[in-house]
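**Student:** To be precise about what I am sending: the file is called run-v8.txt and holds compact mmCIF, C-alpha atoms.
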```txt
# COMPACT_ATOMS: atom_id res chain seq x y z
CA MET J 174 0.00 0.00 0.00
CA ALA J 175 1.39 3.41 -1.00
CA PRO J 176 2.14 5.87 1.82
CA ALA J 177 -0.14 8.84 2.36
CA ALA J 178 0.22 12.36 3.69
CA ALA J 179 -1.81 15.22 5.18
CA PHE J 180 -1.16 18.62 3.58
CA PHE J 181 -1.89 21.69 5.70
CA ASP J 182 -1.99 25.34 4.77
CA LEU J 183 -0.53 27.39 7.64
CA ASP J 184 -2.14 30.82 8.01
CA LYS J 185 -5.69 30.70 9.41
CA THR J 186 -5.61 26.90 9.16
CA ILE J 187 -3.00 25.85 11.73
CA ILE J 188 -2.53 29.31 13.21
CA ALA J 189 -5.07 32.08 13.62
CA LYS J 190 -3.12 34.85 11.87
CA SER J 191 -0.75 35.52 9.04
CA SER J 192 2.45 33.84 10.24
CA THR J 193 4.62 36.61 8.84
CA LEU J 194 2.57 39.60 10.00
CA ALA J 195 2.39 38.03 13.46
CA PHE J 196 6.09 38.78 14.00
CA SER J 197 5.79 42.55 13.54
CA LYS J 198 5.19 43.26 17.23
CA PRO J 199 8.33 41.58 18.62
CA PHE J 200 10.41 43.29 15.94
CA GLN J 201 8.94 46.65 16.91
CA ALA J 202 9.55 45.91 20.59
CA GLY J 203 13.18 45.14 19.78
CA GLY J 204 13.58 48.42 17.92
CA LEU J 205 13.77 46.76 14.52
CA ILE J 206 10.86 48.45 12.79
CA SER J 207 9.19 51.78 13.48
CA ARG J 208 6.03 52.18 15.50
CA ARG J 209 4.32 53.47 12.37
CA ALA J 210 5.32 50.36 10.41
CA MET J 211 4.12 48.12 13.24
CA LEU J 212 0.76 49.90 13.39
CA ARG J 213 0.37 49.60 9.62
CA SER J 214 1.22 45.90 9.89
CA THR J 215 -1.41 45.49 12.61
CA TYR J 216 -3.94 47.13 10.33
CA ALA J 217 -2.93 44.84 7.47
CA GLN J 218 -3.43 41.88 9.80
CA PHE J 219 -6.94 43.10 10.62
CA VAL J 220 -7.80 43.52 6.95
CA TYR J 221 -6.40 40.05 6.22
CA LEU J 222 -8.49 38.43 8.96
CA VAL J 223 -11.71 40.25 8.10
CA GLY J 224 -11.42 40.39 4.34
CA GLY J 225 -10.09 36.91 3.70
CA ALA J 226 -7.15 35.89 1.56
CA ASP J 227 -8.41 36.13 -1.99
CA HIS J 228 -5.99 36.94 -4.78
CA ASP J 229 -6.59 40.70 -4.68
CA GLN J 230 -6.07 40.85 -0.92
CA MET J 231 -2.84 38.85 -1.16
CA GLU J 232 -1.55 41.24 -3.81
CA LYS J 233 -2.42 44.28 -1.69
CA LEU J 234 -0.59 42.82 1.30
CA ARG J 235 2.49 42.11 -0.78
CA GLN J 236 2.50 45.62 -2.22
CA PHE J 237 2.02 47.15 1.23
CA MET J 238 5.02 45.30 2.66
CA SER J 239 7.36 45.55 -0.33
CA GLN J 240 9.00 48.75 0.94
CA LEU J 241 10.24 46.92 4.07
CA VAL J 242 12.04 44.03 2.38
CA ALA J 243 15.07 45.05 0.33
CA GLY J 244 18.27 45.09 2.33
CA TRP J 245 17.10 43.05 5.32
CA ASP J 246 19.79 40.83 6.81
CA VAL J 247 18.94 37.13 6.44
CA ALA J 248 20.83 35.92 9.50
CA THR J 249 19.16 38.52 11.70
CA VAL J 250 15.69 37.54 10.50
CA ARG J 251 16.35 33.89 11.32
CA GLU J 252 17.73 34.71 14.77
CA ILE J 253 14.75 36.90 15.67
CA VAL J 254 12.27 34.27 14.51
CA ALA J 255 14.06 31.60 16.55
CA ASP J 256 14.24 33.77 19.67
CA THR J 257 10.60 34.83 19.61
CA LEU J 258 9.01 31.75 18.04
CA HIS J 259 7.23 30.43 21.13
CA ASN J 260 6.04 33.83 22.31
CA VAL J 261 4.56 34.60 18.90
CA VAL J 262 3.22 31.17 17.94
CA ASP J 263 1.92 29.92 21.29
CA PRO J 264 -1.15 32.18 21.48
CA ILE J 265 -2.25 31.68 17.88
CA VAL J 266 -1.93 27.93 17.17
CA TYR J 267 -5.25 26.12 17.02
CA ASP J 268 -5.55 23.26 19.50
CA GLU J 269 -7.77 21.45 17.00
CA ALA J 270 -5.02 21.65 14.38
CA VAL J 271 -2.40 20.26 16.76
CA GLU J 272 -4.75 17.40 17.65
CA LEU J 273 -5.43 16.69 13.98
CA ILE J 274 -1.72 16.69 13.17
CA GLY J 275 -1.22 14.16 15.97
CA GLN J 276 -3.96 11.94 14.62
CA HIS J 277 -2.43 11.87 11.14
CA THR J 278 0.99 11.09 12.61
CA LEU J 279 -0.42 8.20 14.65
CA ALA J 280 -2.13 6.90 11.50
CA GLY J 281 1.26 6.74 9.79
CA ARG J 282 0.76 9.69 7.45
CA ASP J 283 3.41 12.30 6.83
CA VAL J 284 2.43 15.83 7.82
CA ILE J 285 3.34 18.52 5.30
CA ILE J 286 2.87 22.28 5.64
CA VAL J 287 2.35 24.08 2.34
CA SER J 288 2.43 27.85 2.77
CA ALA J 289 2.87 31.01 0.72
CA SER J 290 4.71 32.54 3.68
CA GLY J 291 8.51 32.74 3.67
CA SER J 292 10.63 29.74 4.56
CA GLU J 293 12.38 31.74 7.31
CA VAL J 294 9.09 31.75 9.21
CA VAL J 295 7.45 28.52 8.01
CA ASP J 296 10.43 26.17 8.49
CA PRO J 297 10.82 26.75 12.25
CA ILE J 298 7.06 26.61 12.77
CA GLY J 299 7.02 23.31 10.88
CA THR J 300 9.79 21.97 13.11
CA LEU J 301 7.91 23.13 16.19
CA LEU J 302 4.78 21.29 15.06
CA GLY J 303 6.62 18.12 14.04
CA ALA J 304 5.94 18.41 10.30
CA ASP J 305 7.77 15.94 8.08
CA HIS J 306 8.16 18.37 5.17
CA VAL J 307 7.58 22.06 4.51
CA VAL J 308 6.84 23.87 1.26
CA ALA J 309 7.21 27.66 1.53
CA SER J 310 8.09 30.70 -0.53
CA ARG J 311 11.77 31.61 -0.90
CA LEU J 312 13.18 35.10 -1.24
CA GLU J 313 16.13 36.07 -3.39
CA VAL J 314 19.27 36.64 -1.31
CA VAL J 315 22.40 38.46 -2.47
CA ASP J 316 25.39 38.90 -0.13
CA GLY J 317 23.34 37.76 2.86
CA ARG J 318 20.51 40.25 2.33
CA TYR J 319 17.09 40.09 0.74
CA THR J 320 16.81 41.90 -2.58
CA GLY J 321 13.03 42.32 -2.40
CA GLU J 322 12.49 39.81 -5.20
CA ILE J 323 11.09 36.30 -4.86
CA ASP J 324 12.77 33.13 -6.08
CA TYR J 325 9.85 30.79 -5.46
CA TYR J 326 6.23 31.64 -4.66
CA ALA J 327 4.23 28.77 -3.13
CA TYR J 328 0.83 30.16 -4.03
CA GLY J 329 -2.28 28.97 -5.85
CA GLU J 330 -1.62 26.32 -8.48
CA GLU J 331 2.05 26.18 -7.45
CA LYS J 332 1.04 24.56 -4.16
CA ALA J 333 -0.64 21.72 -6.05
CA ARG J 334 2.40 21.32 -8.30
CA ALA J 335 4.69 21.12 -5.26
CA MET J 336 2.40 18.50 -3.74
CA ARG J 337 2.56 16.40 -6.89
CA ASP J 338 6.35 16.66 -6.85
CA LEU J 339 6.44 15.49 -3.23
CA ALA J 340 4.09 12.63 -4.05
CA GLU J 341 6.39 11.52 -6.86
CA ARG J 342 9.51 11.70 -4.67
CA HIS J 343 8.01 9.99 -1.62
CA GLY J 344 5.54 7.65 -3.26
CA TYR J 345 2.38 9.22 -1.86
CA ASP J 346 -0.92 8.20 -3.39
CA LEU J 347 -2.64 11.59 -3.56
CA ALA J 348 -6.01 9.88 -3.82
CA GLU J 349 -5.40 8.66 -0.26
CA CYS J 350 -4.04 11.97 1.02
CA TYR J 351 -5.74 14.70 3.05
CA GLY J 352 -5.76 18.46 2.54
CA TYR J 353 -6.69 21.39 4.79
CA SER J 354 -7.03 25.10 4.01
CA ASP J 355 -9.13 28.18 4.71
CA SER J 356 -8.80 30.06 1.43
CA ILE J 357 -10.30 29.83 -2.03
CA THR J 358 -6.83 30.56 -3.37
CA ASP J 359 -5.90 27.05 -2.20
CA LEU J 360 -8.59 25.34 -4.26
CA PRO J 361 -5.96 23.66 -6.50
CA MET J 362 -4.26 22.31 -3.38
CA LEU J 363 -7.49 20.85 -2.04
CA GLU J 364 -8.53 19.41 -5.39
CA ALA J 365 -5.19 17.59 -5.64
CA VAL J 366 -6.02 15.19 -2.79
CA GLY J 367 -8.65 12.55 -2.25
CA PHE J 368 -9.84 13.89 1.11
CA PRO J 369 -10.07 17.71 1.05
CA HIS J 370 -11.24 19.60 4.14
CA VAL J 371 -11.86 23.30 4.64
CA VAL J 372 -10.96 25.03 7.90
CA ASN J 373 -12.58 28.32 8.94
CA PRO J 374 -13.20 28.89 5.22
CA ASP J 375 -13.75 32.21 3.51
CA LYS J 376 -17.16 32.68 1.93
CA GLU J 377 -16.19 31.50 -1.53
CA LEU J 378 -14.44 28.38 -0.30
CA ARG J 379 -17.30 27.56 2.07
CA ARG J 380 -19.73 27.79 -0.81
CA HIS J 381 -17.57 25.48 -2.92
CA ALA J 382 -17.15 23.02 -0.04
CA VAL J 383 -20.90 22.78 0.52
CA GLU J 384 -21.51 22.19 -3.19
CA ALA J 385 -18.74 19.56 -3.38
CA GLY J 386 -19.70 17.86 -0.11
CA TRP J 387 -16.34 18.55 1.54
CA PRO J 388 -16.12 18.56 5.36
CA VAL J 389 -16.13 22.03 6.93
CA LEU J 390 -14.09 22.32 10.13
CA GLU J 391 -14.19 25.20 12.61
CA PHE J 392 -11.03 25.77 14.66
CA SER J 393 -11.05 28.31 17.49
CA LYS J 394 -9.12 27.12 20.59
CA PRO J 395 -5.48 28.18 21.12
CA VAL J 396 -3.00 25.80 22.68
CA ALA J 397 0.08 26.44 24.83
CA LEU J 398 2.67 24.65 22.72
CA ARG J 399 5.49 25.18 25.22
CA ALA J 400 3.75 22.59 27.40
CA ARG J 401 3.96 20.07 24.54
CA VAL J 402 7.09 21.01 22.62
CA PRO J 403 9.76 22.67 24.82
CA LEU J 404 12.22 24.98 23.10
CA PRO J 405 15.68 26.13 24.26
CA PRO J 406 15.70 29.43 26.18
CA ALA J 407 15.50 32.51 24.00
CA GLY J 408 18.87 33.99 23.07
CA PRO J 409 20.01 37.59 23.57
CA THR J 410 19.30 38.63 19.99
CA LEU J 411 16.38 40.96 20.64
CA ALA J 412 18.03 42.74 23.54
CA ALA J 413 21.31 43.14 21.69
CA LEU J 414 19.63 44.53 18.61
CA ALA J 415 17.44 46.88 20.62
CA VAL J 416 20.54 48.37 22.26
CA GLY J 417 22.76 48.28 19.21
CA GLY J 418 20.27 49.65 16.71
CA ALA J 419 20.92 46.97 14.12
CA VAL J 420 19.57 46.93 10.59
CA ALA J 421 15.78 47.11 10.30
CA VAL J 422 14.23 43.70 9.80
CA GLY J 423 10.63 42.51 9.69
CA GLY J 424 8.79 39.28 10.25
CA VAL J 425 6.60 39.99 7.26
CA ILE J 426 8.76 38.05 4.85
CA TRP J 427 6.36 36.67 2.28
CA ALA J 428 4.01 39.59 2.39
CA GLY J 429 6.82 41.96 1.56
CA VAL J 430 8.02 40.58 -1.73
CA ARG J 431 7.04 41.39 -5.26
CA ARG J 432 6.47 38.59 -7.71
CA ARG J 433 9.70 38.22 -9.63
CA ARG J 434 9.48 39.55 -13.16
CA PRO J 435 10.63 37.26 -16.00
CA ALA J 436 14.01 38.20 -17.42
```
Take the structure in the file and write it out as structure tokens.
**Tutor:**
Amino acid sequence: MAPAAAFFDLDKTIIAKSSTLAFSKPFQAGGLISRRAMLRSTYAQFVYLVGGADHDQMEKLRQFMSQLVAGWDVATVREIVADTLHNVVDPIVYDEAVELIGQHTLAGRDVIIVSASGSEVVDPIGTLLGADHVVASRLEVVDGRYTGEIDYYAYGEEKARAMRDLAERHGYDLAECYGYSDSITDLPMLEAVGFPHVVNPDKELRRHAVEAGWPVLEFSKPVALRARVPLPPAGPTLAALAVGGAVAVGGVIWAGVRRRRPA
């Protein structure tokens, strides 16, 4: 029998917010972005939660954040994410999602996170949650800094293509695989598996799920992950940067990139 997997979107499926926008507050507290930028990010988060994540909204978020990206130091971003991961993620992870991930693991299925957010944010969250594989967007890096361009955008149909590639490499039978997402933009991802589920769906995806007979799940309870998955103590990165006034960095990685133009 071929192995199977469970594919999860991240934002508003496993966690209650945009994973990248969620990091704006600790960066502001550490003196890494201005109060004005943090407030604008908070507003963008509100619009994202209320308005959903359709294609137009995703494009607006990316355009809004694009001014913050070019020149950010890659190593600093990764250190800040590592140091603040539990404080940021703990309050916004759905207990129901953690339970579901555990059920799939016990059933012998690989757990795979497929997210349009940047790998600098998604990879450590995937490790924290015990995911077997992660698919995430990747930003162009030159001389250790982000250029503001994107090398790989895990969005829309590209998510489904990445899933098919994983299935080919690992022998998954997609007809026996599960999929979970909240957004109509992930319809190709859900249609690629035999057992699609929608989680806290936007209006358009809910309508499609009802017509197709897909299960509709409602997640609402946060879980204290530090009680389940202990992390090493946070390092001195935030304090050092706050005192030293290091280069401005943001946790809004994916939202701050422009789609790379063809050469």
**Student:** How many Å lie between atom CA of Arg311 of chain J and atom CA of Glu364 of chain J, rounded to one decimal?
**Tutor:**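 So the two atoms, atom CA of Arg311 of chain J and atom CA of Glu364 of chain J, lie 24.1 Å apart.
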**Student:** Report, in Å to a single decimal, how far apart atom CA of Asp283 of chain J and atom CA of Leu339 of chain J are.
**Tutor:**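 These two atoms are separated by 11.0 Å.
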**Student:** Closest to Asp355 of chain J among J:Leu390, J:Val284, J:Val383, J:Ile253, using all atoms listed in the file?
**Tutor:**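 Of the candidates, the smallest distance to Asp355 of chain J is held by J:Leu390.
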**Student:** Using atom CA of Val315 of chain J and atom CA of Asp338 of chain J as the two end points, give the distance in Å to one decimal.
**Tutor:**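 Going from atom CA of Val315 of chain J over to atom CA of Asp338 of chain J, I get 27.4 Å.
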**Student:** Could you give me, as a PyMOL selection string, the residues that have an atom at most 8 Å away from the point (-0.8, 33.7, 15.9) in the coordinates of the file, using all atoms listed in the file?
**Tutor:** chain J and resi 188-192+195+261-266
**Student:** Looking at all atoms listed in the file, which of J:Glu269, J:Val372, J:Glu293, J:Glu377 is the one that sits closest to Tyr319 of chain J?
**Tutor:**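 For Tyr319 of chain J, the nearest of the given residues is J:Glu293.
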**Student:** Can you work out which one of J:Ser356, J:Ala382, J:Tyr345, J:Ser288 has the shortest atom-to-atom distance to Tyr326 of chain J, counting only C-alpha atoms?
**Tutor:**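 The shortest atom-to-atom distance to Tyr326 of chain J comes from J:Ser288.
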**Student:** Contacts of Phe368 of chain J at 12 Å or less, counting all atoms listed in the file, minus same-chain residues fewer than 3 places along, as a list in words?
**Tutor:**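 Here the qualifying residues turn out to be Ala177, Ala178, Ala179, Phe180, Asp346, Leu347, Ala348, Glu349, Cys350, Tyr351, Gly352, Tyr353, Ser354, Met362, Leu363, Glu364, Ala365, Val371, Ala382, Ala385, Gly386, Trp387, Pro388 and Val389 of chain J.
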**Student:** Once you add 4 Å to each side, what are the centre and edge lengths of the axis-aligned box holding all listed atoms of segment 342-361 of chain J? One decimal in Å, as JSON, if you can.
**Tutor:**
```
{"center_x": -0.4, "center_y": 19.1, "center_z": -0.9, "size_x": 27.8, "size_y": 30.9, "size_z": 19.3}
```
**Student:** In terms of the shortest atom-to-atom distance over all atoms listed in the file, which of J:Ala255, J:Ala309, J:Lys185, J:Glu322 is closest to Pro374 of chain J?
**Tutor:**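 Result for the nearest residue to Pro374 of chain J: J:Lys185.
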**Student:** Quick one: of J:Arg337, J:Arg251, J:Lys376, J:Lys332, who's nearest to Pro297 of chain J, counting only C-alpha atoms?
**Tutor:**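 Checking each of J:Arg337, J:Arg251, J:Lys376, J:Lys332 against Pro297 of chain J, counting only C-alpha atoms, the winner is J:Arg251.
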**Student:** Considering all atoms listed in the file, state which residue in the set J:Asn373, J:Asp182, J:Asn260, J:Pro361 is at the smallest distance from Ile285 of chain J.
**Tutor:** J:Asp182
**Student:** Would you mind listing what lies within 12 Å of Thr300 of chain J as number ranges by chain, with all atoms listed in the file counted and same-chain residues fewer than 4 positions away left out?
**Tutor:** J: 255, 258-259, 284-286, 292-296, 304-307, 402-404
**Student:** Any idea what's packed within 9 Å of Tyr328 of chain J, counting all atoms listed in the file, ignoring anything in its chain fewer than 4 positions away? Could you give it as a list in words?
**Tutor:**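 Everything that qualifies: Val287, Ser288, Ala289, Ser290, Ala309, Ser310, Lys332, Ala333, Thr358 and Asp359 of chain J.
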